[in-house]
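K.L.:
Dropping the structure in here first, questions after.
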Amino acid sequence: MAKDFSTRAENYAQWYNDLVIKADLAENSAVRGCMVIKPYGYAIWEKIQATLDKKFKDTGHVNAYFPLFIPKSFFSKEASHVEGFAKECAVVTHYRLMANPNGKGVVVDPEAKLEEELIVRPTSETIIWDTYRTWIKSYRDLPLLINQWANVVRWEMRTRLFLRTAEFLWQEGHTAHATKEEAIQEAERMLDVYADFAENWLAIPVIKGIKSPNERFAGAIETYCIEALMQDGKALQAGTSHFLGQNFAKAFDVKFLSKENKLDYVWATSWGVSTRLMGALIMAHSDDNGLVLPPKLAPIQVVIVPIYKNNEQLALISETANKIKTALQNKGISVKYDDRDTFKPGWKFSEYEFKGVPVRIAIGPRDLENGTVEVARRDTLEKAIYQVTDIENKIGNLLEMIQKNLYHKAFAFREDNTFKADTWEEFVDIIENKGGFVLAHWDGTPETEQRIKDETKATIRAIPLNNKLESGKCIMTGRPSTQRVIFARAY
RNA sequence: CGGGGUAUAGCGUAGUCCGGUCAUCGCGCCUGCUUUGGGAGCAGGAGGUCGCAGGUUCAAAUCCUGCUACCCCGACCA
């Protein structure tokens, strides 16, 4: 992402606010760090949802919904899980308000204290596994492949718009399996689903890998991740998939009778992506003119802007514009014809650039005479004159080209910002001065990773799957290592 | 929770040190006319508890005290 978007917009918050604003209810610190997603931004989220949801269903999953509130006691059942989340939870302690005895407003009724506090879910493992216990009795009940679209709350000390908001929207898949192998396979399969989505829809290249123990999800045996590089050189974890082993099954006593009539604990996975993906989308592709959306996720793929001097001209242009609109729509392309007379063409051009609309078609009197239109693409800002003939196929191809170009651009950026470091000095220099991914040897111990983090703020983002083996020396300790891992500063 | 900073119209701001036509300017908004192929021009207009509460003073956006909120850095964080 460019440093700011203000080059042309003195009030650049304008476009940003069109997408999302931070909740700002004065006098109410309780909503600090939450977000309001405005319609245009939400339309992007809906696209993300729809695409992923279809992929989940294609891989045999179904949706369900579990409670927002989780009894506090559930959290004490899985020790490492509670350690990972207990510090950052919103807790419900009362269930009633009453008029303030002093006459001013309302206060919490002290009489209405809950016997057991409720935690606003920071993630749903506990309540889901408590439920699964009653659903799973036999190997015939397995595998259980369930996904939930929901909001979760994490009381982060410091929030960042899109990337770490106190409340965020996400999906969380929670599956139960009869065997360890099948569960691992599921975790890896869902990682592939995420990677495919990131690369082919978001147009963001990602590294598939596993997390080091330090970065592993609380309660997981193995955490798989897709890791992306943003334009400012920082890494962003775009999605995770966890192999949970039998940890949650044991904590919540979820057992099944196998074919062999043996009682055993089930094997579990969980996987999720969130509204953070929208942050990734913004930071991976945007430029000084605003958002740049890949065609597959753009709520509006093509906008048509008429250029006219009077109503007669507008009527003529509209005729052509609507024909083009219909032709494109018949090809499954989402089109907006913006014939508002309250804004001028130049204004509209800028507005749709802020919003990242991939293709803009301008039609004026000149075009009517020549049977042409002016086509501008958002990714390169290039303009070209197209003959109207067969316009739907030309635009269709252009959209595909833009989708690919965005990916290639992001891929090239990542290549240019991936470095190898063999000495500590080199490593520090790259982290401090260049940013990006740094491939370096590491002795495999959590202590060393922690030391590196303490000194440079860089962490191991991923140990790539199918990593090339290569013997070397740990950049920190000099101890032997068998492979390079990816270090970076991260969001 | 530590360190630093900020709070003035919908947004962004000047003014605060040195109290006295100071409530400034830009964007946005409204009206009218002319415009319309890259955020139009001119004219007119609306809009402010100067974060909140006290205090000092003839006089406070400005000085003092307390509070609150936000931002940045750190700690923290799938």
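Ligands are numbered from 1 in the order shown, chains are lettered A, B, ... in the order of the structure tokens, and residues start at 1 in each chain.
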Taking only C-alpha atoms (C1' of nucleotides) into account, report as a PyMOL selection string which residues of chain B lie within 8 Å of chain A.

P.N.:
chain B and resi 11-12+27+36-39+68-69+76-78

K.L.:
Which residues in region 33-130 of chain A does DSSP call strand (DSSP E or B)? List them as a list in words.

P.N.:
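Answer for region 33-130 of chain A restricted to strand (DSSP E or B) is Met35, Val36, Ile37, Val62, Asn63, Phe69, Ile70, Pro71, Val91, Val92, Thr93, His94, Leu97, Met98, Ala99, Val106, Val107, Val108, Lys113, Leu114, Glu115, Glu116, Glu117, Leu118, Ile119 and Val120 of chain A.
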
K.L.:
Let me see the file: selected residues, N, CA and C atoms, as an mmCIF file, in the first residue's frame.

P.N.:
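What ended up in out03.cif:
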```
data_model
loop_
_atom_site.group_PDB
_atom_site.id
_atom_site.type_symbol
_atom_site.label_atom_id
_atom_site.label_comp_id
_atom_site.auth_asym_id
_atom_site.auth_seq_id
_atom_site.Cartn_x
_atom_site.Cartn_y
_atom_site.Cartn_z
ATOM 1 N N MET A 35 -15.406 -2.022 14.163
ATOM 2 C CA MET A 35 -15.533 -1.335 12.891
ATOM 3 C C MET A 35 -16.969 -1.302 12.406
ATOM 4 N N VAL A 36 -17.240 -0.264 11.645
ATOM 5 C CA VAL A 36 -18.490 -0.178 10.921
ATOM 6 C C VAL A 36 -18.109 -0.462 9.476
ATOM 7 N N ILE A 37 -18.734 -1.421 8.878
ATOM 8 C CA ILE A 37 -18.442 -1.698 7.474
ATOM 9 C C ILE A 37 -19.567 -1.110 6.644
ATOM 10 N N VAL A 62 -20.828 -28.275 5.748
ATOM 11 C CA VAL A 62 -22.131 -27.629 5.897
ATOM 12 C C VAL A 62 -22.012 -26.531 6.945
ATOM 13 N N ASN A 63 -22.942 -25.592 6.888
ATOM 14 C CA ASN A 63 -22.922 -24.488 7.841
ATOM 15 C C ASN A 63 -23.832 -24.745 9.037
ATOM 16 N N PHE A 69 -22.248 -16.514 23.359
ATOM 17 C CA PHE A 69 -21.736 -16.551 24.732
ATOM 18 C C PHE A 69 -21.239 -17.939 25.110
ATOM 19 N N ILE A 70 -20.129 -17.944 25.809
ATOM 20 C CA ILE A 70 -19.547 -19.211 26.228
ATOM 21 C C ILE A 70 -19.357 -19.175 27.744
ATOM 22 N N PRO A 71 -19.897 -20.174 28.440
ATOM 23 C CA PRO A 71 -19.714 -20.200 29.893
ATOM 24 C C PRO A 71 -18.227 -20.198 30.236
ATOM 25 N N VAL A 91 -16.178 -10.078 28.986
ATOM 26 C CA VAL A 91 -16.878 -10.952 29.922
ATOM 27 C C VAL A 91 -18.216 -10.344 30.308
ATOM 28 N N VAL A 92 -19.272 -11.132 30.219
ATOM 29 C CA VAL A 92 -20.596 -10.670 30.645
ATOM 30 C C VAL A 92 -20.809 -11.108 32.082
ATOM 31 N N THR A 93 -21.079 -10.142 32.940
ATOM 32 C CA THR A 93 -21.225 -10.472 34.359
ATOM 33 C C THR A 93 -22.648 -10.259 34.877
ATOM 34 N N HIS A 94 -23.423 -9.428 34.184
ATOM 35 C CA HIS A 94 -24.784 -9.116 34.645
ATOM 36 C C HIS A 94 -25.766 -9.238 33.495
ATOM 37 N N LEU A 97 -30.273 -4.086 33.523
ATOM 38 C CA LEU A 97 -29.984 -2.698 33.869
ATOM 39 C C LEU A 97 -31.136 -2.185 34.717
ATOM 40 N N MET A 98 -30.884 -1.110 35.413
ATOM 41 C CA MET A 98 -31.981 -0.477 36.161
ATOM 42 C C MET A 98 -31.792 1.036 36.124
ATOM 43 N N ALA A 99 -32.891 1.746 36.410
ATOM 44 C CA ALA A 99 -32.796 3.198 36.455
ATOM 45 C C ALA A 99 -31.808 3.572 37.554
ATOM 46 N N VAL A 106 -29.075 5.018 33.331
ATOM 47 C CA VAL A 106 -29.243 3.668 33.854
ATOM 48 C C VAL A 106 -27.930 3.142 34.399
ATOM 49 N N VAL A 107 -28.023 2.187 35.298
ATOM 50 C CA VAL A 107 -26.835 1.522 35.820
ATOM 51 C C VAL A 107 -27.074 0.016 35.773
ATOM 52 N N VAL A 108 -26.003 -0.735 35.940
ATOM 53 C CA VAL A 108 -26.135 -2.189 36.000
ATOM 54 C C VAL A 108 -26.790 -2.546 37.326
ATOM 55 N N LYS A 113 -26.563 -10.252 39.007
ATOM 56 C CA LYS A 113 -25.246 -10.813 38.715
ATOM 57 C C LYS A 113 -25.406 -12.261 38.262
ATOM 58 N N LEU A 114 -24.710 -12.607 37.184
ATOM 59 C CA LEU A 114 -24.776 -13.985 36.693
ATOM 60 C C LEU A 114 -24.021 -14.917 37.640
ATOM 61 N N GLU A 115 -24.574 -16.081 37.834
ATOM 62 C CA GLU A 115 -23.906 -17.057 38.678
ATOM 63 C C GLU A 115 -22.566 -17.461 38.055
ATOM 64 N N GLU A 116 -22.623 -17.728 36.742
ATOM 65 C CA GLU A 116 -21.374 -17.991 36.030
ATOM 66 C C GLU A 116 -21.233 -16.964 34.915
ATOM 67 N N GLU A 117 -20.100 -16.307 34.875
ATOM 68 C CA GLU A 117 -19.882 -15.310 33.841
ATOM 69 C C GLU A 117 -19.903 -15.954 32.463
ATOM 70 N N LEU A 118 -20.285 -15.152 31.479
ATOM 71 C CA LEU A 118 -20.274 -15.609 30.093
ATOM 72 C C LEU A 118 -19.177 -14.862 29.343
ATOM 73 N N ILE A 119 -18.473 -15.591 28.514
ATOM 74 C CA ILE A 119 -17.419 -14.980 27.718
ATOM 75 C C ILE A 119 -17.965 -14.743 26.314
ATOM 76 N N VAL A 120 -17.766 -13.561 25.794
ATOM 77 C CA VAL A 120 -18.110 -13.326 24.391
ATOM 78 C C VAL A 120 -17.047 -14.042 23.568
#
```

K.L.:
Any idea what's packed within 10 Å of Arg276 (chain A), counting only C-alpha atoms (C1' of nucleotides), ignoring anything in its chain fewer than 6 positions away? Could you give it as an NGL selection string?

P.N.:
:A and (160-165 or 168-170 or 236-239 or 282)

K.L.:
Separation of CA of Ala458 (chain A) and CA of His441 (chain A), in Å?

P.N.:
13.7 Å

K.L.:
Pick out each residue of region 10-231 of chain A that DSSP on the backbone tags as helix (DSSP H, G or I); I need them as a ChimeraX atom specification.

P.N.:
/A:13-19,29-31,39-58,72-76,79-88,125-135,139-141,180-200,213-215

K.L.:
For CA of Glu199 (chain A) and CA of Ile226 (chain A), quote the distance in Å rounded to one decimal.

P.N.:
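Taking CA of Glu199 (chain A) and CA of Ile226 (chain A), their separation equals 10.4 Å.
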
K.L.:
Give the answer as one residue: which of B:C42, B:A75, B:C30, B:C50 has the shortest atom-to-atom distance to G2 (chain B), using only C-alpha atoms (C1' of nucleotides)?

P.N.:
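Using only C-alpha atoms (C1' of nucleotides), G2 (chain B) sits closest to B:A75.
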
K.L.:
Leaving out A53 (chain B) and any residue of its chain fewer than 6 positions from it, which residues lie within 12 Å of it when counting only C-alpha atoms (C1' of nucleotides), given as a ChimeraX atom specification?

P.N.:
/B:65-68

K.L.:
So that I have them on file, write out the residues from the current selection with all heavy atoms, as a PDB file, in the first residue's frame.

P.N.:
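Once everything was written out, this is part-v2.pdb:
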```
ATOM      1  P     U B  65      -1.414  22.917  36.044  1.00  0.00           P
ATOM      2  OP1   U B  65      -0.205  22.294  36.615  1.00  0.00           O
ATOM      3  OP2   U B  65      -1.686  22.772  34.596  1.00  0.00           O
ATOM      4  O5'   U B  65      -2.677  22.394  36.844  1.00  0.00           O
ATOM      5  C5'   U B  65      -2.713  22.453  38.272  1.00  0.00           C
ATOM      6  C4'   U B  65      -4.039  21.943  38.781  1.00  0.00           C
ATOM      7  O4'   U B  65      -5.102  22.864  38.395  1.00  0.00           O
ATOM      8  C3'   U B  65      -4.494  20.615  38.198  1.00  0.00           C
ATOM      9  O3'   U B  65      -3.869  19.506  38.815  1.00  0.00           O
ATOM     10  C2'   U B  65      -5.999  20.667  38.446  1.00  0.00           C
ATOM     11  O2'   U B  65      -6.308  20.378  39.796  1.00  0.00           O
ATOM     12  C1'   U B  65      -6.299  22.136  38.162  1.00  0.00           C
ATOM     13  N1    U B  65      -6.725  22.355  36.762  1.00  0.00           N
ATOM     14  C2    U B  65      -8.055  22.110  36.462  1.00  0.00           C
ATOM     15  O2    U B  65      -8.852  21.724  37.289  1.00  0.00           O
ATOM     16  N3    U B  65      -8.404  22.329  35.163  1.00  0.00           N
ATOM     17  C4    U B  65      -7.573  22.754  34.138  1.00  0.00           C
ATOM     18  O4    U B  65      -8.036  22.911  33.009  1.00  0.00           O
ATOM     19  C5    U B  65      -6.213  22.987  34.533  1.00  0.00           C
ATOM     20  C6    U B  65      -5.843  22.781  35.798  1.00  0.00           C
ATOM     21  P     G B  66      -3.633  18.174  37.956  1.00  0.00           P
ATOM     22  OP1   G B  66      -2.779  17.279  38.772  1.00  0.00           O
ATOM     23  OP2   G B  66      -3.206  18.525  36.580  1.00  0.00           O
ATOM     24  O5'   G B  66      -5.090  17.540  37.872  1.00  0.00           O
ATOM     25  C5'   G B  66      -5.738  17.086  39.060  1.00  0.00           C
ATOM     26  C4'   G B  66      -7.198  16.821  38.795  1.00  0.00           C
ATOM     27  O4'   G B  66      -7.829  18.038  38.303  1.00  0.00           O
ATOM     28  C3'   G B  66      -7.492  15.811  37.691  1.00  0.00           C
ATOM     29  O3'   G B  66      -7.335  14.474  38.108  1.00  0.00           O
ATOM     30  C2'   G B  66      -8.930  16.168  37.337  1.00  0.00           C
ATOM     31  O2'   G B  66      -9.827  15.691  38.326  1.00  0.00           O
ATOM     32  C1'   G B  66      -8.881  17.706  37.406  1.00  0.00           C
ATOM     33  N9    G B  66      -8.581  18.259  36.079  1.00  0.00           N
ATOM     34  C8    G B  66      -7.391  18.766  35.613  1.00  0.00           C
ATOM     35  N7    G B  66      -7.467  19.173  34.372  1.00  0.00           N
ATOM     36  C5    G B  66      -8.782  18.925  34.007  1.00  0.00           C
ATOM     37  C6    G B  66      -9.459  19.155  32.784  1.00  0.00           C
ATOM     38  O6    G B  66      -9.019  19.644  31.732  1.00  0.00           O
ATOM     39  N1    G B  66     -10.782  18.737  32.833  1.00  0.00           N
ATOM     40  C2    G B  66     -11.378  18.184  33.942  1.00  0.00           C
ATOM     41  N2    G B  66     -12.667  17.846  33.807  1.00  0.00           N
ATOM     42  N3    G B  66     -10.773  17.965  35.087  1.00  0.00           N
ATOM     43  C4    G B  66      -9.479  18.361  35.043  1.00  0.00           C
ATOM     44  P     C B  67      -6.918  13.348  37.026  1.00  0.00           P
ATOM     45  OP1   C B  67      -6.695  12.088  37.754  1.00  0.00           O
ATOM     46  OP2   C B  67      -5.846  13.900  36.174  1.00  0.00           O
ATOM     47  O5'   C B  67      -8.234  13.197  36.145  1.00  0.00           O
ATOM     48  C5'   C B  67      -9.440  12.712  36.726  1.00  0.00           C
ATOM     49  C4'   C B  67     -10.599  12.926  35.788  1.00  0.00           C
ATOM     50  O4'   C B  67     -10.642  14.311  35.363  1.00  0.00           O
ATOM     51  C3'   C B  67     -10.531  12.163  34.471  1.00  0.00           C
ATOM     52  O3'   C B  67     -10.916  10.810  34.608  1.00  0.00           O
ATOM     53  C2'   C B  67     -11.499  12.965  33.610  1.00  0.00           C
ATOM     54  O2'   C B  67     -12.844  12.682  33.925  1.00  0.00           O
ATOM     55  C1'   C B  67     -11.179  14.387  34.049  1.00  0.00           C
ATOM     56  N1    C B  67     -10.185  15.029  33.153  1.00  0.00           N
ATOM     57  C2    C B  67     -10.635  15.475  31.902  1.00  0.00           C
ATOM     58  O2    C B  67     -11.826  15.317  31.610  1.00  0.00           O
ATOM     59  N3    C B  67      -9.752  16.059  31.057  1.00  0.00           N
ATOM     60  C4    C B  67      -8.482  16.213  31.421  1.00  0.00           C
ATOM     61  N4    C B  67      -7.668  16.798  30.550  1.00  0.00           N
ATOM     62  C5    C B  67      -8.002  15.760  32.685  1.00  0.00           C
ATOM     63  C6    C B  67      -8.874  15.172  33.520  1.00  0.00           C
ATOM     64  P     U B  68     -10.226   9.709  33.660  1.00  0.00           P
ATOM     65  OP1   U B  68     -10.640   8.389  34.180  1.00  0.00           O
ATOM     66  OP2   U B  68      -8.793  10.028  33.502  1.00  0.00           O
ATOM     67  O5'   U B  68     -10.957   9.957  32.272  1.00  0.00           O
ATOM     68  C5'   U B  68     -12.374   9.842  32.169  1.00  0.00           C
ATOM     69  C4'   U B  68     -12.829  10.315  30.816  1.00  0.00           C
ATOM     70  O4'   U B  68     -12.542  11.727  30.666  1.00  0.00           O
ATOM     71  C3'   U B  68     -12.125   9.686  29.620  1.00  0.00           C
ATOM     72  O3'   U B  68     -12.619   8.395  29.320  1.00  0.00           O
ATOM     73  C2'   U B  68     -12.427  10.701  28.527  1.00  0.00           C
ATOM     74  O2'   U B  68     -13.770  10.592  28.076  1.00  0.00           O
ATOM     75  C1'   U B  68     -12.277  12.012  29.298  1.00  0.00           C
ATOM     76  N1    U B  68     -10.914  12.576  29.167  1.00  0.00           N
ATOM     77  C2    U B  68     -10.613  13.233  27.984  1.00  0.00           C
ATOM     78  O2    U B  68     -11.428  13.354  27.078  1.00  0.00           O
ATOM     79  N3    U B  68      -9.342  13.747  27.908  1.00  0.00           N
ATOM     80  C4    U B  68      -8.364  13.651  28.873  1.00  0.00           C
ATOM     81  O4    U B  68      -7.269  14.163  28.664  1.00  0.00           O
ATOM     82  C5    U B  68      -8.749  12.948  30.066  1.00  0.00           C
ATOM     83  C6    U B  68      -9.981  12.446  30.167  1.00  0.00           C
TER      84        U B  68
END
```

K.L.:
Which distance in Å separates CA of Phe437 (chain A) and CA of Leu406 (chain A), to one decimal?

P.N.:
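These two atoms are separated by 19.7 Å.
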
K.L.:
Residues near Ile128 (chain A), anyone? I mean within 9 Å using only C-alpha atoms (C1' of nucleotides), not counting same-chain ones fewer than 3 positions away, as an MDAnalysis selection string.

P.N.:
chainID A and resid 66:67 124:125 131:133 174

K.L.:
Counting only C-alpha atoms (C1' of nucleotides), what is within 10 Å of Gly444 (chain A), bar same-chain residues fewer than 5 positions away, as a VMD selection string?

P.N.:
chain A and resid 212 to 213 449 474 479 to 483 485
